[in-house]
Amino acid sequence: MDTCTQKIREIAFQLLEKKEVEKVIGFSNGTIPMATSPITIASKQDTEKLVFNSTCGLNLANYIRQQKGKIAVIAKGCDSRNIVTHMIENQVKRDQIYIIGVPCKGMINKSKIKALFEDEIYKFDEDGDTLNVESSSKKEKLNKKDYLRENCSLCQHRNPVIYDVLAGDLVKEQTIEVPYPDVEKIEAMDADTRWLHFQELTKNCIRCYACRNACPLCYCPTCFVDESGPQWVGKGQDKTDVNTFHFLRAFHCAGRCTDCGACVEACPMDINVRDFTRKLNKDSLDMFGWEAGLDLTKRPPLDAFSPDDPNDFIK
Amino acid sequence: MGNLLEHMGIERDRIHFSWISSAEATKFVDVVKEISNKVRALGPNKKLVKDYN
Amino acid sequence: MKFITIDKKNWAKGIEKSRETYRLFGPVKDKNGFFIKDLEKDMLPDMTCNDSVMSVKSVLFPQTEKILFTSLDEAKEDHHIMKQVPFDPKPRAVVGIRPYDAKAMELVKMNFDTDEFRDPYWCDAYEATTFVGVGINKPGPFDFSTSTGTGPFSETGLDVLMADLDNVYLAKILTDKGQAFMKSCGFDKIADEKESLALFDILRKEAEKNISSHIDSSKLKDKTVLELHEAPFWEDIAFSCINCGTCTFVCPTCWCFDIQDETKRKSASRFRNWDTCMSPLFTKHATGHNPRDSKTQRVRQRFMHKLKYFLDKYDTGIMCVGCGRCVKSCPVNIDIREVCKIMNSYVKGN
């Protein structure tokens, strides 16, 4: 990914010098190990701040709406699909965005790496497919493939589906035999076990809404949880309210979610909220043959009606 | 929606969908009877009930 | 000054004994980190965790707290008259609290217990709680507590400060409450005062030497509110912020809350929930006007409050204890240490 960083900086520099865009949205190095921070660059001197590596787990499509003028944005495979969704939903116009596509080999699972250490990690660097991680008690050399985020290990759209320029060579797409093993695992449980699974999943949720705010699809001016007349969902820690927030938010993203994993990346409690959205993604595929963000001309299934739509659930 | 709730562990028969026009009174009665019977057969719901602490 | 030696072999027994008098809280390891929990029977506080994900503030200030209730049944005589939820007076003890969290409690007290107002919920809980702290021998890389007026062996806000020494704990009793707690555990082996004081001093110096993160907030007092407020760097700092409430909720010195009523059939309850100034709704007026409509205004507000307004108002240092939780948990890695550096070194016109 190092060559990617160089290319991204060059492209950004060109774009800003020729004044083709007002700003470039990308990632910069963070202040703590394994962190990168979204950044906006408006002057060509600052392009040196841009980086791209396996810790760039957030979705920059989250920052492209309601911008003045034309902007450039770094987009991995999943991010580019969200940009397509934004265009279908009239949140951005194609000519407002200059997409710097980055073919992606996957982002690392930071909590899985942190779990290997008893104390805090103070040093991290990436060397090709090897991760060098260090704390005051030990050093580890890890194989990146073993520490990819779950959504990245199951990803079938690593290359950007839409772009103005590519900042790296296209990568070979993975063929995944069983694309939804996590959903099938839950489907195999009986009702009470499933209930316990979801209760356990959300028990540490602090309603910070980092998942919602990191998600590019969640852009409603007033989210349903913030509505007060009528108030649909309580704001407190009652388990029913917490679970309702999660499953209803997932439902609002049904058929639009690209499984980019920004929600899990943002969560301070490491809750795998994807357990909610993945089921809906699988259903979209099974019931409508639909995967979000792949076709600029078609509307998502919950947005459009066709006489062939599955009807067995309606009396 | 029904599928997601079922995925979470809430019995599928607790949630029902139907298109009924205001002119279809008979259909309305039948659907309500069917739903009432199905839900009653499942017993009181203990999941997603607000606690009030 | 009284010092008590506690053989670690006797620790669990003593803690169990204290349950006769106290409701216990402390850090417990969960799959994703350490959390402060209500300790049930046989659950011991983890004394080795340096940094819990959430702070101790939830012991005195729960995320959701029912504060008032009433009946809506007009047949009842006292209908619609709100009553305070009765306070559970059983003494509480937080065991294994870190010194920076105890200092944070003192900071928060300035808000909840003033000459004009006394928050009964927070203050009653505070008065009933004994804080048994443990010094941090090896501070983590995100601990910058020595720059904020506290430190790994600071005593502010604690009733007992314990030092973890391999086979024993050495406890320094700081208040009567602390003494009472030790007594309820049955820990009474007195240690030599002079030796203990010396030992604590050595440990403190060692620990402070191990602090690797520092901030400089010395010039903030001399700058004017307006010059910092109108500074041009806020736009860049705020760009990546996603306006979640993570920094607010993990911060031990954040105290903002929202009051909501909920009704169910014939009864109504009033709840207090944590709220965050990062949320656009936080300052939305009933008219629809919102003075902090933009993200930049909200992010600026957070750091101005923490590093400038509080500093000016109370003159006891910044509203941060250097625990580093916000730095670790922020989804986009906005770092208060960086912001402080920018604010501290800002000169108007540069």
# chains A, B, ... in the order shown; residues from 1 in each chain; ligands from 1

call {"tool": "interface_residues", "arguments": {"of": "chain A", "to": "chain C", "cutoff": "8 Å", "atoms": "only C-alpha atoms", "output": "MDAnalysis selection string"}}
result
chainID A and resid 30:32 35:40 111 115 119:120 122 206:210 213:214 226 234:237 265:270

call {"tool": "closest_atom_pairs", "arguments": {"of": "chain A", "to": "chain B", "cutoff": "8 Å", "atoms": "only C-alpha atoms", "output": "Markdown table"}}
result
| residue | atom | partner | partner_atom | distance |
| --- | --- | --- | --- | --- |
| A:Ile186 | CA | B:His7 | CA | 7.2 |
| A:Glu187 | CA | B:His7 | CA | 6.4 |
| A:Asp190 | CA | B:Gly9 | CA | 7.4 |
| A:Ala191 | CA | B:Gly9 | CA | 4.1 |
| A:Asp192 | CA | B:Gly9 | CA | 5.8 |
| A:Thr193 | CA | B:Gly9 | CA | 7.3 |
| A:Arg194 | CA | B:Gly9 | CA | 4.8 |
| A:Trp195 | CA | B:Gly9 | CA | 4.4 |
| A:Phe198 | CA | B:Met8 | CA | 6.3 |
| A:Asp238 | CA | B:Asp51 | CA | 6.5 |
| A:Lys239 | CA | B:Lys50 | CA | 7.3 |
| A:Thr240 | CA | B:Leu48 | CA | 4.8 |
| A:Asp241 | CA | B:Lys50 | CA | 7.4 |
| A:Asn243 | CA | B:Leu48 | CA | 7.7 |
| A:Thr244 | CA | B:Leu48 | CA | 7.9 |
| A:Phe247 | CA | B:Leu4 | CA | 7.7 |
| A:Phe251 | CA | B:Met1 | CA | 6.9 |
| A:Phe276 | CA | B:Leu4 | CA | 7.4 |
| A:Lys279 | CA | B:Leu4 | CA | 6.7 |
| A:Leu280 | CA | B:Leu4 | CA | 6.8 |
| A:Phe313 | CA | B:Phe17 | CA | 6.7 |
| A:Ile314 | CA | B:Ser18 | CA | 5.0 |
| A:Lys315 | CA | B:Ser18 | CA | 4.8 |

call {"tool": "write_last_selection", "arguments": {"atoms": "N, CA and C atoms", "output": "CSV table (one decimal), in the first residue's frame"}}
result
chain,number,residue,atom,x,y,z
A,186,ILE,N,-26.0,-17.8,12.9
A,186,ILE,CA,-27.1,-17.4,13.8
A,186,ILE,C,-28.4,-18.0,13.3
A,187,GLU,N,-28.6,-18.1,12.0
A,187,GLU,CA,-29.9,-18.7,11.5
A,187,GLU,C,-30.0,-20.1,12.0
A,190,ASP,N,-31.7,-21.6,17.7
A,190,ASP,CA,-33.2,-21.5,17.9
A,190,ASP,C,-33.5,-20.1,18.5
A,191,ALA,N,-34.8,-19.8,18.6
A,191,ALA,CA,-35.2,-18.4,18.9
A,191,ALA,C,-34.6,-17.9,20.2
A,192,ASP,N,-34.6,-18.7,21.2
A,192,ASP,CA,-34.1,-18.1,22.5
A,192,ASP,C,-32.6,-17.9,22.5
A,193,THR,N,-31.9,-18.8,21.8
A,193,THR,CA,-30.4,-18.6,21.7
A,193,THR,C,-30.1,-17.4,20.9
A,194,ARG,N,-30.9,-17.2,19.9
A,194,ARG,CA,-30.6,-16.0,19.1
A,194,ARG,C,-30.9,-14.7,19.9
A,195,TRP,N,-31.9,-14.7,20.7
A,195,TRP,CA,-32.2,-13.6,21.5
A,195,TRP,C,-31.1,-13.3,22.4
A,198,PHE,N,-28.1,-11.7,20.7
A,198,PHE,CA,-28.3,-10.3,20.4
A,198,PHE,C,-28.2,-9.4,21.7
A,238,ASP,N,-32.5,1.5,28.7
A,238,ASP,CA,-33.4,0.3,28.7
A,238,ASP,C,-33.0,-0.6,27.5
A,239,LYS,N,-32.9,-1.9,27.8
A,239,LYS,CA,-32.4,-2.8,26.7
A,239,LYS,C,-33.3,-2.8,25.5
A,240,THR,N,-34.6,-2.6,25.7
A,240,THR,CA,-35.5,-2.5,24.6
A,240,THR,C,-35.2,-1.3,23.7
A,241,ASP,N,-34.9,-0.2,24.3
A,241,ASP,CA,-34.6,1.0,23.5
A,241,ASP,C,-33.3,0.8,22.7
A,243,ASN,N,-31.8,-2.1,21.8
A,243,ASN,CA,-32.0,-3.0,20.7
A,243,ASN,C,-32.8,-2.4,19.6
A,244,THR,N,-33.8,-1.7,19.9
A,244,THR,CA,-34.6,-1.0,18.9
A,244,THR,C,-33.8,-0.1,18.0
A,247,PHE,N,-31.7,-2.5,15.6
A,247,PHE,CA,-32.3,-3.2,14.5
A,247,PHE,C,-33.0,-2.3,13.6
A,251,PHE,N,-32.4,-1.8,9.6
A,251,PHE,CA,-33.5,-1.9,8.7
A,251,PHE,C,-33.5,-0.7,7.7
A,276,PHE,N,-26.6,-7.3,12.6
A,276,PHE,CA,-27.9,-6.8,12.2
A,276,PHE,C,-28.0,-6.6,10.7
A,279,LYS,N,-27.7,-9.8,8.0
A,279,LYS,CA,-28.8,-10.6,7.7
A,279,LYS,C,-29.6,-9.9,6.6
A,280,LEU,N,-29.8,-8.6,6.6
A,280,LEU,CA,-30.5,-7.9,5.6
A,280,LEU,C,-29.8,-7.9,4.3
A,313,PHE,N,-45.0,-13.0,2.3
A,313,PHE,CA,-45.2,-12.6,3.7
A,313,PHE,C,-46.4,-11.7,3.9
A,314,ILE,N,-47.1,-11.4,2.8
A,314,ILE,CA,-48.2,-10.5,2.9
A,314,ILE,C,-49.5,-11.3,2.8
A,315,LYS,N,-50.5,-11.0,3.6
A,315,LYS,CA,-51.7,-11.8,3.6
A,315,LYS,C,-52.6,-11.2,2.5

call {"tool": "residues_around", "arguments": {"residues": "Gln67 of chain A", "least_positions_apart": "5", "cutoff": "12 Å", "atoms": "only C-alpha atoms", "output": "list in words"}}
result
Val21, Glu22, Lys23, Val24, Ile25, Thr40, Ala61, Asn62, Ala72, Val73, Gln91, Val92, Lys93, Gln96 and Ile97 of chain A; Phe239 of chain C

call {"tool": "residues_around", "arguments": {"residues": "segment 308-316 of chain C", "least_positions_apart": "5", "cutoff": "9 Å", "atoms": "only C-alpha atoms", "output": "list of chain:residue names"}}
result
C:Met110, C:Gly149, C:Leu220, C:Lys221, C:Lys223, C:Thr224, C:Val225, C:Leu228, C:Phe303

call {"tool": "atom_distance", "arguments": {"atom1": "atom CA of Phe61 of chain C", "atom2": "atom CA of Asp115 of chain C"}}
result
20.1 Å

call {"tool": "closest_residue", "arguments": {"among": "C:Leu174, C:Ile67, C:Glu227, C:Ser145", "to": "chain B", "atoms": "only C-alpha atoms"}}
result
C:Ile67

call {"tool": "select_by_dssp", "arguments": {"residues": "segment 52-211 of chain C", "states": "strand (DSSP E)", "output": "PyMOL selection string"}}
result
chain C and resi 64-71+83-84+92-97+129-134+160-165+168-173

call {"tool": "residues_around", "arguments": {"residues": "Gly261 of chain A", "least_positions_apart": "3", "cutoff": "8 Å", "atoms": "only C-alpha atoms", "output": "PDB file with N, CA and C atoms, in the first residue's frame"}}
result
ATOM      1  N   GLY A  57      -9.697   2.350   8.115  1.00  0.00           N
ATOM      2  CA  GLY A  57     -10.926   1.559   8.124  1.00  0.00           C
ATOM      3  C   GLY A  57     -12.231   2.323   8.000  1.00  0.00           C
ATOM      4  N   LEU A  58     -12.186   3.645   8.065  1.00  0.00           N
ATOM      5  CA  LEU A  58     -13.447   4.396   8.000  1.00  0.00           C
ATOM      6  C   LEU A  58     -13.853   4.631   6.549  1.00  0.00           C
ATOM      7  N   ASN A 151     -15.359  -8.329   7.592  1.00  0.00           N
ATOM      8  CA  ASN A 151     -15.990  -7.936   6.328  1.00  0.00           C
ATOM      9  C   ASN A 151     -14.966  -7.922   5.194  1.00  0.00           C
ATOM     10  N   VAL A 264     -18.473  -0.763  12.804  1.00  0.00           N
ATOM     11  CA  VAL A 264     -17.742  -1.533  13.817  1.00  0.00           C
ATOM     12  C   VAL A 264     -16.420  -0.856  14.142  1.00  0.00           C
ATOM     13  N   GLU A 265     -15.797  -0.265  13.118  1.00  0.00           N
ATOM     14  CA  GLU A 265     -14.522   0.439  13.327  1.00  0.00           C
ATOM     15  C   GLU A 265     -14.703   1.603  14.289  1.00  0.00           C
ATOM     16  N   ARG A 274     -22.642  -5.350  12.738  1.00  0.00           N
ATOM     17  CA  ARG A 274     -22.897  -5.945  11.436  1.00  0.00           C
ATOM     18  C   ARG A 274     -23.793  -7.177  11.529  1.00  0.00           C
TER      19      ARG A 274
END

call {"tool": "select_by_dssp", "arguments": {"residues": "segment 168-242 of chain A", "states": "helix (DSSP H, G or I)", "output": "count of residues only"}}
result
27

call {"tool": "atom_distance", "arguments": {"atom1": "atom CA of Arg81 of chain A", "atom2": "atom CA of Ser294 of chain C"}}
result
27.5 Å

call {"tool": "closest_residue", "arguments": {"among": "C:Leu24, C:Leu60, C:Leu68, C:Cys340", "to": "chain B", "atoms": "only C-alpha atoms"}}
result
C:Leu68

call {"tool": "atom_distance", "arguments": {"atom1": "atom CA of Asp124 of chain C", "atom2": "atom CA of Ala180 of chain C"}}
result
18.2 Å
